[in-house]
Amino acid sequence: MDFDLFFKAIPNVVSVDLPSTISHIKMAPSERVKMIEENGYDINSVRKAAVMMLFYPKNDITHLLLIIRNSYPGVHSSQIAFPGGKVEDIDFDLKQTALRETHEEIGVHPNDIHVIRDFSSIYIPPSNFLVYPFLGVSQTELTFSLQEEEVAGIIELPLSTLLDDSIINIKNLETSYSKLIEVPVFQIHEHTVWGATAMMLSELKDVLKMVL
């Protein structure tokens, strides 16, 4: 999609009623659906994190940035994600967390990102994180400087690909819930996006389809 058209339409996202669980459930493993519907977590004991769903122009075409996390001992090793991370004491709000972590992980300065709005939070049981996504837009083409300890690579996803339903599939995956279960995924070439990132992508996609 042409970036100028996208940029003119994206402020309309502010007035949309977020579909929240309706969108999240579309891409949730069946074992998580009940927990999502019931908000099955203790808000007082969760750890909080924030991520940035960052759109930007590349050759005048709208793209969304995803990162490939490094391999490490942990539940999110090597997964596809949005740039972001846990709240630190220096952050005065969740938006600041998303901007700071984005700067640290991919080198994009907060001054280059216009934050449009927050999206629905999502709970990640294996790590006990409640994650708050933010939609941000850069008006200029970006260059990235990756934090090598955290980020193994990036995926520059054209918006037209995200909006294409043919990238949604079902795969048998090993998860924290089961050795091998059927999981809805976004299949982006050789990259499989599932879990919390897929659920956030699902709400983002549904909202964008309302305004574009």
# chains A, B, ... in the order shown; residues from 1 in each chain; ligands from 1

call {"tool": "closest_atom_pairs", "arguments": {"of": "segment 181-207 of chain A", "to": "segment 81-96 of chain A", "cutoff": "10 Å", "atoms": "only C-alpha atoms", "output": "CSV"}}
result
residue,atom,partner,partner_atom,distance
A:Val193,CA,A:Ala81,CA,7.9
A:Trp194,CA,A:Ala81,CA,9.2
A:Gly195,CA,A:Ala81,CA,9.6
A:Ala196,CA,A:Ala81,CA,8.5
A:Thr197,CA,A:Ala81,CA,5.7
A:Ala198,CA,A:Ala81,CA,8.7
A:Met200,CA,A:Phe82,CA,9.4
A:Leu201,CA,A:Phe82,CA,9.6

call {"tool": "select_by_dssp", "arguments": {"residues": "segment 88-211 of chain A", "states": "alpha helix (DSSP H)", "output": "PyMOL selection string"}}
result
chain A and resi 94-106+159-162+195-211

call {"tool": "write_last_selection", "arguments": {"atoms": "C-alpha atoms", "output": "short mmCIF file (atom, residue, chain, number, x, y, z; two decimals), in the first residue's frame"}}
result
data_model
loop_
_atom_site.label_atom_id
_atom_site.label_comp_id
_atom_site.auth_asym_id
_atom_site.auth_seq_id
_atom_site.Cartn_x
_atom_site.Cartn_y
_atom_site.Cartn_z
CA LEU A 94 4.04 2.39 29.08
CA LYS A 95 4.41 4.42 25.89
CA GLN A 96 7.83 5.50 27.10
CA THR A 97 8.73 1.85 27.65
CA ALA A 98 7.80 0.97 24.06
CA LEU A 99 9.74 3.92 22.64
CA ARG A 100 12.82 3.31 24.80
CA GLU A 101 12.96 -0.40 24.05
CA THR A 102 12.47 0.21 20.34
CA HIS A 103 15.38 2.63 20.37
CA GLU A 104 17.56 0.14 22.26
CA GLU A 105 16.68 -2.89 20.14
CA ILE A 106 16.57 -1.50 16.59
CA LEU A 159 1.25 -3.94 4.79
CA SER A 160 -0.35 -5.61 1.77
CA THR A 161 1.10 -8.95 2.93
CA LEU A 162 -0.28 -8.52 6.45
CA GLY A 195 1.45 -16.82 20.09
CA ALA A 196 1.13 -13.34 21.56
CA THR A 197 2.67 -11.61 18.54
CA ALA A 198 0.18 -13.30 16.21
CA MET A 199 -2.69 -12.29 18.49
CA MET A 200 -1.54 -8.66 18.51
CA LEU A 201 -1.11 -8.78 14.73
CA SER A 202 -4.66 -10.10 14.45
CA GLU A 203 -6.13 -7.10 16.27
CA LEU A 204 -3.91 -4.72 14.31
CA LYS A 205 -5.03 -6.29 11.03
CA ASP A 206 -8.72 -6.15 11.98
CA VAL A 207 -8.48 -2.49 12.98
CA LEU A 208 -6.60 -1.51 9.84
CA LYS A 209 -9.24 -3.16 7.69
CA MET A 210 -11.79 -0.86 9.33
CA VAL A 211 -10.00 2.35 8.33
#

call {"tool": "closest_residue", "arguments": {"among": "A:Val131, A:Ile122, A:Ile167, A:Met53", "to": "Ile25 of chain A", "atoms": "only C-alpha atoms"}}
result
A:Ile122

call {"tool": "closest_atom_pairs", "arguments": {"of": "segment 4-120 of chain A", "to": "segment 150-156 of chain A", "cutoff": "9 Å", "atoms": "only C-alpha atoms", "output": "tab-separated table"}}
result
residue	atom	partner	partner_atom	distance
A:Lys58	CA	A:Glu156	CA	8.9
A:His63	CA	A:Glu156	CA	6.0
A:Leu64	CA	A:Glu156	CA	5.9
A:Leu65	CA	A:Glu156	CA	5.1
A:Leu66	CA	A:Ile155	CA	5.0
A:Ile67	CA	A:Ile154	CA	4.3
A:Ile68	CA	A:Gly153	CA	5.0
A:Arg69	CA	A:Val151	CA	4.7
A:Asn70	CA	A:Ala152	CA	4.9
A:Ser71	CA	A:Ala152	CA	8.1
A:Ser78	CA	A:Ala152	CA	8.0
A:Ile80	CA	A:Ile155	CA	8.6
A:Pro83	CA	A:Val151	CA	8.9
A:Glu105	CA	A:Val151	CA	6.7
A:Ile106	CA	A:Val151	CA	7.9

call {"tool": "closest_residue", "arguments": {"among": "A:Ala28, A:Thr62, A:Pro126, A:Ile43", "to": "Val185 of chain A", "atoms": "only C-alpha atoms"}}
result
A:Ala28

call {"tool": "closest_residue", "arguments": {"among": "A:Phe129, A:Phe186, A:Phe55, A:Phe3", "to": "Ile113 of chain A", "atoms": "only C-alpha atoms"}}
result
A:Phe55

call {"tool": "closest_residue", "arguments": {"among": "A:Tyr41, A:Asn59, A:Asp165, A:His189", "to": "Pro125 of chain A", "atoms": "only C-alpha atoms"}}
result
A:Tyr41

call {"tool": "closest_atom_pairs", "arguments": {"of": "segment 113-171 of chain A", "to": "segment 10-15 of chain A", "cutoff": "12 Å", "atoms": "only C-alpha atoms", "output": "tab-separated table"}}
result
residue	atom	partner	partner_atom	distance
A:His114	CA	A:Pro11	CA	10.7
A:Val115	CA	A:Pro11	CA	10.2
A:Ile116	CA	A:Pro11	CA	6.8
A:Arg117	CA	A:Val14	CA	6.3
A:Asp118	CA	A:Val14	CA	8.9
A:Phe119	CA	A:Val14	CA	9.9
A:Phe134	CA	A:Val14	CA	11.6
A:Leu135	CA	A:Val13	CA	9.4
A:Gly136	CA	A:Ile10	CA	9.9
A:Val137	CA	A:Ile10	CA	8.9
A:Ser138	CA	A:Ile10	CA	11.8
A:Gln139	CA	A:Ile10	CA	11.9

call {"tool": "residues_around", "arguments": {"residues": "Pro184 of chain A", "least_positions_apart": "5", "cutoff": "7 Å", "atoms": "only C-alpha atoms", "output": "list in words"}}
result
Met27, Ala28, Pro29, Asn169, Ile170, Lys171 and Trp194 of chain A

call {"tool": "write_last_selection", "arguments": {"atoms": "N, CA and C atoms", "output": "short mmCIF file (atom, residue, chain, number, x, y, z; two decimals), in the first residue's frame"}}
result
data_model
loop_
_atom_site.label_atom_id
_atom_site.label_comp_id
_atom_site.auth_asym_id
_atom_site.auth_seq_id
_atom_site.Cartn_x
_atom_site.Cartn_y
_atom_site.Cartn_z
N MET A 27 -6.24 -16.06 16.64
CA MET A 27 -4.88 -16.56 16.47
C MET A 27 -4.34 -17.20 17.74
N ALA A 28 -5.23 -17.59 18.64
CA ALA A 28 -4.81 -18.17 19.91
C ALA A 28 -4.86 -19.69 19.85
N PRO A 29 -3.87 -20.37 20.42
CA PRO A 29 -3.98 -21.82 20.62
C PRO A 29 -5.23 -22.12 21.43
N ASN A 169 -2.41 -19.63 8.57
CA ASN A 169 -2.36 -21.08 8.40
C ASN A 169 -2.47 -21.75 9.76
N ILE A 170 -2.49 -23.06 9.76
CA ILE A 170 -2.46 -23.86 10.98
C ILE A 170 -1.23 -24.75 10.92
N LYS A 171 -0.44 -24.75 12.02
CA LYS A 171 0.75 -25.59 12.07
C LYS A 171 0.78 -26.37 13.37
N TRP A 194 3.50 -16.73 15.71
CA TRP A 194 2.42 -17.33 16.46
C TRP A 194 2.42 -16.77 17.89
#

call {"tool": "select_by_dssp", "arguments": {"residues": "segment 40-189 of chain A", "states": "strand (DSSP E or B)", "output": "ChimeraX atom specification"}}
result
/A:47-58,61-69,80-81,84-86,114-118,122-124,129-137,151-158,168-173,181-188
